[in-house]
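Visitor: Pasting in a structure now, in structure tokens, and then I'll have a few things to ask.
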Amino acid sequence: MIKNRKSLEEYKAGILEENRAILAQAITLVESNLSTDSELASSLVQEILPFSGNSIRIGITGVPGVGKSTFIEAFGKMLLEKGKKVAVLAVDPSSQKTKGSILGDKTRMEKLAADRRAFIRPSPSGSTLGGVSAKTREAMLLCEAAGYDVILVETVGVGQSETAVKGMVDFFLLLMLPGAGDELQGIKKGIMEMADGVLINKADGENIQAAKKAKTQYRNALHLFPPSENGWYPSVITGSSLTGEGLDECWEMVEKYQEKMLDSGYFELNRAEQRLRWLDEYVQYLLGKAFHEQAKVQNLLASEREHVKEGKISPLTFARKLVNVFFENFQIKNS
Ligand code: GDP
């Protein structure tokens with residue numbers, strides 16, 4: 001066993017005792033790519049499953065610079081004052097390129113991190129999106145078992161990670177800048193459509209008028225979208241993490257949403273569907289991992305990949321050959 005690894009019982013007990021250090025170690029375990037860790041990690045997640053789920057999961061997105069981490073710090077502190085326990089996780093598939101643009105810098109959210117009732121976890125690095133989002137979900141369950149009742153999942157609003165985050169949260173919040181006119185600040189229409197709530201951030205000082213105008217514009221824009229299947233119309237509010245304006249209103253919006261969705265049954269339905277998608281993603285992820293780890297596949301790829309590149313073998317023909325080789329070898333190994 002690897003150094004610093006605990007037993008299943010030690011992890012479980014530590015998490016249920018709400019021990020932040022052990023929770024952090026347990027998340028490291030589930031984020032590990034080592035095959036020696038994966039069995040312990042999946043047993044742990046299974047063990048704590050009955051203690052998970054009792055939270056509201058909120059995804060937070062917006063372009064870099066919109067104020068996500070400042071908002072999370074201010075919003076998180078307000079939630080602590082309301083007696084909540086707050087965990088912050090991140091999904092950032094681009095962190096390799098941007099050198100950890102979100103939550104990577106340890107100085108961010110210092111005040112929130114200092115509070116015992118808050119838990120902040122930077123994004124796992126060096127993985128594909130599939131791997132990252134899967135691990136963030138596991139981390140979320142561990143946090144819930146450790147008593148965190150508000151889970152904030154941060155993502156950068158520029159790529160595919162929004163879809164992954166939308167698929168793991170109950171409420172999806174989009175942060176926007178005031179004064180951006182009607183062009184949507186590089187936020188794709190698809191991301192607007194995913195939002196359950198929009199917060200026009202930095203509505204302070206000189207920005208107040210522009211923020212009000214933006215609010216009207218986004219409200220109008222959102223009304224052009226067809227209503228979502230749960231019957232919820234996304235709310236648009238203004239706020240400032242510097243003055244604290246709008247933070248209460250933002251929480252009220254989330255609470256109202258949760259209440260309505262619990263009443264209609266959508267809340268649980270959405271989570272149930274998410275679990276099934278999570279299963280599908282895991283099957284794909286594990287198959288892909290086993291495939292690429294297999295020596296026979298690696299050898300064949302090394303020797304013949306160039307032929308595909310040069311156009312001598314069709315990608316489909318070669319893919320079929322690879323998959324056949326994988327299964328032949330897999331059966332031999334397991335017989
Ligand atoms: P992120 O990249 O989305 O996480 O953005 P940051 O939280 O790092 O904020 C980017 C910049 O905007 C920083 O200089 C913040 O001080 C500033 N900022 C964040 N929130 C507000 C706000 O509510 N009002 C104003 N005026 N500035 C803000």
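By order in the structure tokens, chains are A, B, ...; within a chain, residues start at 1; ligands start at 1, following the order shown.
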Would you name the residues within 9 Å of ligand 1, counting only C-alpha atoms and all ligand atoms, and put them as JSON, numbers by chain?
Guide: {"A": [61, 62, 63, 64, 65, 66, 67, 68, 69, 70, 71, 72, 73, 101, 102, 103, 108, 109, 154, 156, 157, 175, 201, 202, 203, 204, 205, 206, 207, 239, 240, 241, 242, 243, 244, 245]}
Visitor: Find the residues near Glu229 of chain A: any atom within 12 Å, counting only C-alpha atoms, skip ones fewer than 6 places away on the same chain, and give them as a PyMOL selection string.
Guide: chain A and resi 193-194+196+261+264+266-267+269-270
Visitor: For the selection you just gave me, I'd like the residues written to a file as a PDB file, in the first residue's frame, keeping all heavy atoms.
Guide:
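Printed below is part-v4.pdb as written:
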```pdb
ATOM      1  N   GLU A 193     -28.593  28.954 -21.827  1.00  0.00           N
ATOM      2  CA  GLU A 193     -29.753  28.051 -21.741  1.00  0.00           C
ATOM      3  C   GLU A 193     -29.670  27.085 -20.559  1.00  0.00           C
ATOM      4  O   GLU A 193     -30.674  26.598 -20.073  1.00  0.00           O
ATOM      5  CB  GLU A 193     -29.906  27.257 -23.047  1.00  0.00           C
ATOM      6  CG  GLU A 193     -30.731  27.992 -24.072  1.00  0.00           C
ATOM      7  CD  GLU A 193     -30.768  27.279 -25.410  1.00  0.00           C
ATOM      8  OE1 GLU A 193     -29.706  27.163 -26.045  1.00  0.00           O
ATOM      9  OE2 GLU A 193     -31.851  26.842 -25.813  1.00  0.00           O
ATOM     10  N   MET A 194     -28.441  26.823 -20.133  1.00  0.00           N
ATOM     11  CA  MET A 194     -28.266  25.888 -19.014  1.00  0.00           C
ATOM     12  C   MET A 194     -28.552  26.547 -17.659  1.00  0.00           C
ATOM     13  O   MET A 194     -28.761  25.875 -16.672  1.00  0.00           O
ATOM     14  CB  MET A 194     -26.800  25.440 -18.958  1.00  0.00           C
ATOM     15  CG  MET A 194     -26.430  24.363 -19.905  1.00  0.00           C
ATOM     16  SD  MET A 194     -24.688  24.026 -19.526  1.00  0.00           S
ATOM     17  CE  MET A 194     -24.139  23.590 -21.129  1.00  0.00           C
ATOM     18  N   ASP A 196     -29.904  28.252 -14.370  1.00  0.00           N
ATOM     19  CA  ASP A 196     -31.128  28.359 -13.571  1.00  0.00           C
ATOM     20  C   ASP A 196     -31.222  29.755 -12.970  1.00  0.00           C
ATOM     21  O   ASP A 196     -32.282  30.200 -12.568  1.00  0.00           O
ATOM     22  CB  ASP A 196     -31.111  27.309 -12.453  1.00  0.00           C
ATOM     23  CG  ASP A 196     -31.026  25.901 -13.016  1.00  0.00           C
ATOM     24  OD1 ASP A 196     -31.923  25.526 -13.793  1.00  0.00           O
ATOM     25  OD2 ASP A 196     -30.052  25.191 -12.709  1.00  0.00           O
ATOM     26  N   MET A 261     -38.664  22.594  -6.745  1.00  0.00           N
ATOM     27  CA  MET A 261     -38.268  21.341  -7.402  1.00  0.00           C
ATOM     28  C   MET A 261     -38.486  20.131  -6.484  1.00  0.00           C
ATOM     29  O   MET A 261     -38.790  19.042  -6.960  1.00  0.00           O
ATOM     30  CB  MET A 261     -36.798  21.404  -7.861  1.00  0.00           C
ATOM     31  CG  MET A 261     -36.547  22.453  -8.906  1.00  0.00           C
ATOM     32  SD  MET A 261     -37.667  22.320 -10.328  1.00  0.00           S
ATOM     33  CE  MET A 261     -38.159  24.011 -10.562  1.00  0.00           C
ATOM     34  N   SER A 264     -42.249  19.481  -6.766  1.00  0.00           N
ATOM     35  CA  SER A 264     -42.696  18.889  -8.029  1.00  0.00           C
ATOM     36  C   SER A 264     -42.095  17.500  -8.260  1.00  0.00           C
ATOM     37  O   SER A 264     -42.508  16.790  -9.171  1.00  0.00           O
ATOM     38  CB  SER A 264     -42.310  19.795  -9.195  1.00  0.00           C
ATOM     39  OG  SER A 264     -40.908  19.782  -9.375  1.00  0.00           O
ATOM     40  N   TYR A 266     -39.083  17.123  -9.255  1.00  0.00           N
ATOM     41  CA  TYR A 266     -38.020  17.250 -10.249  1.00  0.00           C
ATOM     42  C   TYR A 266     -36.635  17.121  -9.626  1.00  0.00           C
ATOM     43  O   TYR A 266     -35.708  16.605 -10.249  1.00  0.00           O
ATOM     44  CB  TYR A 266     -38.133  18.606 -10.982  1.00  0.00           C
ATOM     45  CG  TYR A 266     -37.066  18.776 -12.034  1.00  0.00           C
ATOM     46  CD1 TYR A 266     -37.230  18.243 -13.315  1.00  0.00           C
ATOM     47  CD2 TYR A 266     -35.872  19.437 -11.748  1.00  0.00           C
ATOM     48  CE1 TYR A 266     -36.230  18.363 -14.273  1.00  0.00           C
ATOM     49  CE2 TYR A 266     -34.866  19.558 -12.701  1.00  0.00           C
ATOM     50  CZ  TYR A 266     -35.058  19.026 -13.958  1.00  0.00           C
ATOM     51  OH  TYR A 266     -34.064  19.142 -14.895  1.00  0.00           O
ATOM     52  N   PHE A 267     -36.509  17.586  -8.405  1.00  0.00           N
ATOM     53  CA  PHE A 267     -35.204  17.574  -7.736  1.00  0.00           C
ATOM     54  C   PHE A 267     -34.621  16.162  -7.715  1.00  0.00           C
ATOM     55  O   PHE A 267     -33.496  15.918  -8.144  1.00  0.00           O
ATOM     56  CB  PHE A 267     -35.377  18.103  -6.302  1.00  0.00           C
ATOM     57  CG  PHE A 267     -34.078  18.445  -5.616  1.00  0.00           C
ATOM     58  CD1 PHE A 267     -33.495  19.695  -5.770  1.00  0.00           C
ATOM     59  CD2 PHE A 267     -33.437  17.513  -4.809  1.00  0.00           C
ATOM     60  CE1 PHE A 267     -32.298  20.017  -5.145  1.00  0.00           C
ATOM     61  CE2 PHE A 267     -32.248  17.815  -4.171  1.00  0.00           C
ATOM     62  CZ  PHE A 267     -31.676  19.070  -4.341  1.00  0.00           C
ATOM     63  N   LEU A 269     -35.801  13.532  -9.413  1.00  0.00           N
ATOM     64  CA  LEU A 269     -35.764  12.998 -10.767  1.00  0.00           C
ATOM     65  C   LEU A 269     -34.460  13.388 -11.469  1.00  0.00           C
ATOM     66  O   LEU A 269     -33.786  12.574 -12.108  1.00  0.00           O
ATOM     67  CB  LEU A 269     -36.960  13.551 -11.555  1.00  0.00           C
ATOM     68  CG  LEU A 269     -37.088  13.086 -12.998  1.00  0.00           C
ATOM     69  CD1 LEU A 269     -37.643  11.670 -13.069  1.00  0.00           C
ATOM     70  CD2 LEU A 269     -37.988  14.023 -13.804  1.00  0.00           C
ATOM     71  N   ASN A 270     -34.097  14.642 -11.324  1.00  0.00           N
ATOM     72  CA  ASN A 270     -32.864  15.150 -11.933  1.00  0.00           C
ATOM     73  C   ASN A 270     -31.650  14.417 -11.370  1.00  0.00           C
ATOM     74  O   ASN A 270     -30.767  13.985 -12.114  1.00  0.00           O
ATOM     75  CB  ASN A 270     -32.770  16.659 -11.652  1.00  0.00           C
ATOM     76  CG  ASN A 270     -31.579  17.302 -12.337  1.00  0.00           C
ATOM     77  OD1 ASN A 270     -31.303  17.020 -13.499  1.00  0.00           O
ATOM     78  ND2 ASN A 270     -30.863  18.148 -11.622  1.00  0.00           N
TER      79      ASN A 270
END
```
Visitor: Counting only C-alpha atoms, what is within 12 Å of Leu79 of chain A, bar same-chain residues fewer than 4 positions away, as a ChimeraX atom specification?
Guide: /A:71-75,83-87,112,115,117-118,148-152,247-248,250-252
Visitor: Keeping only C-alpha atoms, write the selected residues as a CSV table (one decimal), in the first residue's frame.
Guide:
```
chain,number,residue,atom,x,y,z
A,71,PHE,CA,-18.2,35.8,-5.3
A,72,ILE,CA,-17.6,32.3,-3.8
A,73,GLU,CA,-15.7,33.8,-0.9
A,74,ALA,CA,-18.4,36.4,-0.1
A,75,PHE,CA,-21.3,34.0,-0.8
A,83,GLY,CA,-25.1,28.2,9.8
A,84,LYS,CA,-24.3,26.2,6.7
A,85,LYS,CA,-21.2,24.2,6.0
A,86,VAL,CA,-19.8,25.0,2.6
A,87,ALA,CA,-17.5,23.0,0.4
A,112,LEU,CA,-13.3,31.2,3.5
A,115,ASP,CA,-13.0,28.8,8.5
A,117,ARG,CA,-16.9,24.9,8.5
A,118,ALA,CA,-15.6,25.5,5.0
A,148,TYR,CA,-21.2,19.9,4.1
A,149,ASP,CA,-24.7,21.0,3.1
A,150,VAL,CA,-23.9,23.5,0.4
A,151,ILE,CA,-21.5,22.3,-2.4
A,152,LEU,CA,-20.3,25.0,-4.8
A,247,LEU,CA,-25.9,37.8,-2.1
A,248,ASP,CA,-29.0,37.3,0.1
A,250,CYS,CA,-29.0,35.0,-4.7
A,251,TRP,CA,-29.4,32.5,-1.8
A,252,GLU,CA,-33.2,33.1,-1.7
```
Visitor: List every residue of segment 149-282 of chain A that DSSP, applied to the backbone, labels as strand (DSSP E or B), and write the result as a ChimeraX atom specification.
Guide: /A:150-155,171-176,197-200,235-238
Visitor: Would you mind exporting N, CA and C atoms of the selected residues as an mmCIF file, in the first residue's frame?
Guide:
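The resulting file, result-v1.cif, is reproduced below:
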```
data_model
loop_
_atom_site.group_PDB
_atom_site.id
_atom_site.type_symbol
_atom_site.label_atom_id
_atom_site.label_comp_id
_atom_site.auth_asym_id
_atom_site.auth_seq_id
_atom_site.Cartn_x
_atom_site.Cartn_y
_atom_site.Cartn_z
ATOM 1 N N VAL A 150 -23.851 22.764 1.637
ATOM 2 C CA VAL A 150 -23.876 23.522 0.377
ATOM 3 C C VAL A 150 -22.582 23.186 -0.360
ATOM 4 N N ILE A 151 -22.719 22.649 -1.556
ATOM 5 C CA ILE A 151 -21.538 22.307 -2.366
ATOM 6 C C ILE A 151 -21.494 23.278 -3.550
ATOM 7 N N LEU A 152 -20.421 24.045 -3.635
ATOM 8 C CA LEU A 152 -20.263 24.975 -4.758
ATOM 9 C C LEU A 152 -19.238 24.382 -5.723
ATOM 10 N N VAL A 153 -19.642 24.192 -6.961
ATOM 11 C CA VAL A 153 -18.721 23.629 -7.961
ATOM 12 C C VAL A 153 -18.404 24.723 -8.980
ATOM 13 N N GLU A 154 -17.160 25.159 -8.982
ATOM 14 C CA GLU A 154 -16.758 26.260 -9.854
ATOM 15 C C GLU A 154 -16.214 25.747 -11.188
ATOM 16 N N THR A 155 -16.584 26.441 -12.263
ATOM 17 C CA THR A 155 -15.998 26.105 -13.559
ATOM 18 C C THR A 155 -15.838 27.362 -14.394
ATOM 19 N N PHE A 171 -28.440 23.181 -9.166
ATOM 20 C CA PHE A 171 -28.709 24.561 -9.592
ATOM 21 C C PHE A 171 -27.476 25.099 -10.287
ATOM 22 N N PHE A 172 -27.688 25.719 -11.439
ATOM 23 C CA PHE A 172 -26.547 26.204 -12.229
ATOM 24 C C PHE A 172 -26.611 27.728 -12.311
ATOM 25 N N LEU A 173 -25.600 28.375 -11.741
ATOM 26 C CA LEU A 173 -25.579 29.843 -11.666
ATOM 27 C C LEU A 173 -24.546 30.414 -12.628
ATOM 28 N N LEU A 174 -25.002 31.348 -13.453
ATOM 29 C CA LEU A 174 -24.096 31.989 -14.420
ATOM 30 C C LEU A 174 -23.790 33.408 -13.959
ATOM 31 N N LEU A 175 -22.517 33.730 -13.827
ATOM 32 C CA LEU A 175 -22.103 35.087 -13.462
ATOM 33 C C LEU A 175 -21.784 35.870 -14.733
ATOM 34 N N MET A 176 -22.332 37.086 -14.814
ATOM 35 C CA MET A 176 -22.099 37.916 -15.999
ATOM 36 C C MET A 176 -21.597 39.289 -15.562
ATOM 37 N N GLY A 197 -30.087 30.416 -12.902
ATOM 38 C CA GLY A 197 -30.048 31.776 -12.398
ATOM 39 C C GLY A 197 -28.874 32.517 -13.001
ATOM 40 N N VAL A 198 -29.064 33.835 -13.225
ATOM 41 C CA VAL A 198 -27.975 34.668 -13.743
ATOM 42 C C VAL A 198 -27.741 35.781 -12.738
ATOM 43 N N LEU A 199 -26.482 35.960 -12.360
ATOM 44 C CA LEU A 199 -26.141 37.065 -11.465
ATOM 45 C C LEU A 199 -25.267 38.040 -12.240
ATOM 46 N N ILE A 200 -25.781 39.274 -12.411
ATOM 47 C CA ILE A 200 -24.943 40.312 -13.023
ATOM 48 C C ILE A 200 -24.050 40.809 -11.898
ATOM 49 N N SER A 235 -33.966 33.110 -13.052
ATOM 50 C CA SER A 235 -34.029 34.462 -12.492
ATOM 51 C C SER A 235 -32.773 35.216 -12.883
ATOM 52 N N VAL A 236 -32.918 36.521 -13.035
ATOM 53 C CA VAL A 236 -31.751 37.377 -13.296
ATOM 54 C C VAL A 236 -31.692 38.411 -12.174
ATOM 55 N N ILE A 237 -30.574 38.455 -11.463
ATOM 56 C CA ILE A 237 -30.429 39.428 -10.391
ATOM 57 C C ILE A 237 -29.093 40.171 -10.546
ATOM 58 N N THR A 238 -28.966 41.279 -9.835
ATOM 59 C CA THR A 238 -27.686 41.993 -9.827
ATOM 60 C C THR A 238 -27.056 41.824 -8.452
#
```
Visitor: Grab the atom CA of Ile48 of chain A to atom CA of Phe119 of chain A distance for me, in Å with one decimal place.
Guide: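 If I compute the distance from atom CA of Ile48 of chain A to atom CA of Phe119 of chain A, I get 17.8 Å.
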Visitor: Output as JSON, numbers by chain all residues of segment 112-328 of chain A that backbone DSSP marks as alpha helix (DSSP H).
Guide: {"A": [112, 113, 114, 129, 130, 131, 132, 133, 134, 135, 136, 137, 138, 139, 140, 141, 142, 143, 144, 145, 161, 162, 163, 164, 165, 166, 189, 190, 191, 192, 193, 194, 208, 209, 210, 211, 212, 213, 214, 215, 216, 217, 218, 219, 220, 221, 222, 223, 247, 248, 249, 250, 251, 252, 253, 254, 255, 256, 257, 258, 259, 260, 261, 262, 263, 264, 266, 267, 268, 269, 270, 271, 272, 273, 274, 275, 276, 277, 278, 279, 280, 281, 282, 283, 284, 285, 286, 287, 288, 289, 290, 291, 292, 293, 295, 296, 297, 298, 299, 300, 301, 302, 303, 304, 305, 306, 307, 308, 309, 315, 316, 317, 318, 319, 320, 321, 322, 323, 324, 325, 326, 327, 328]}
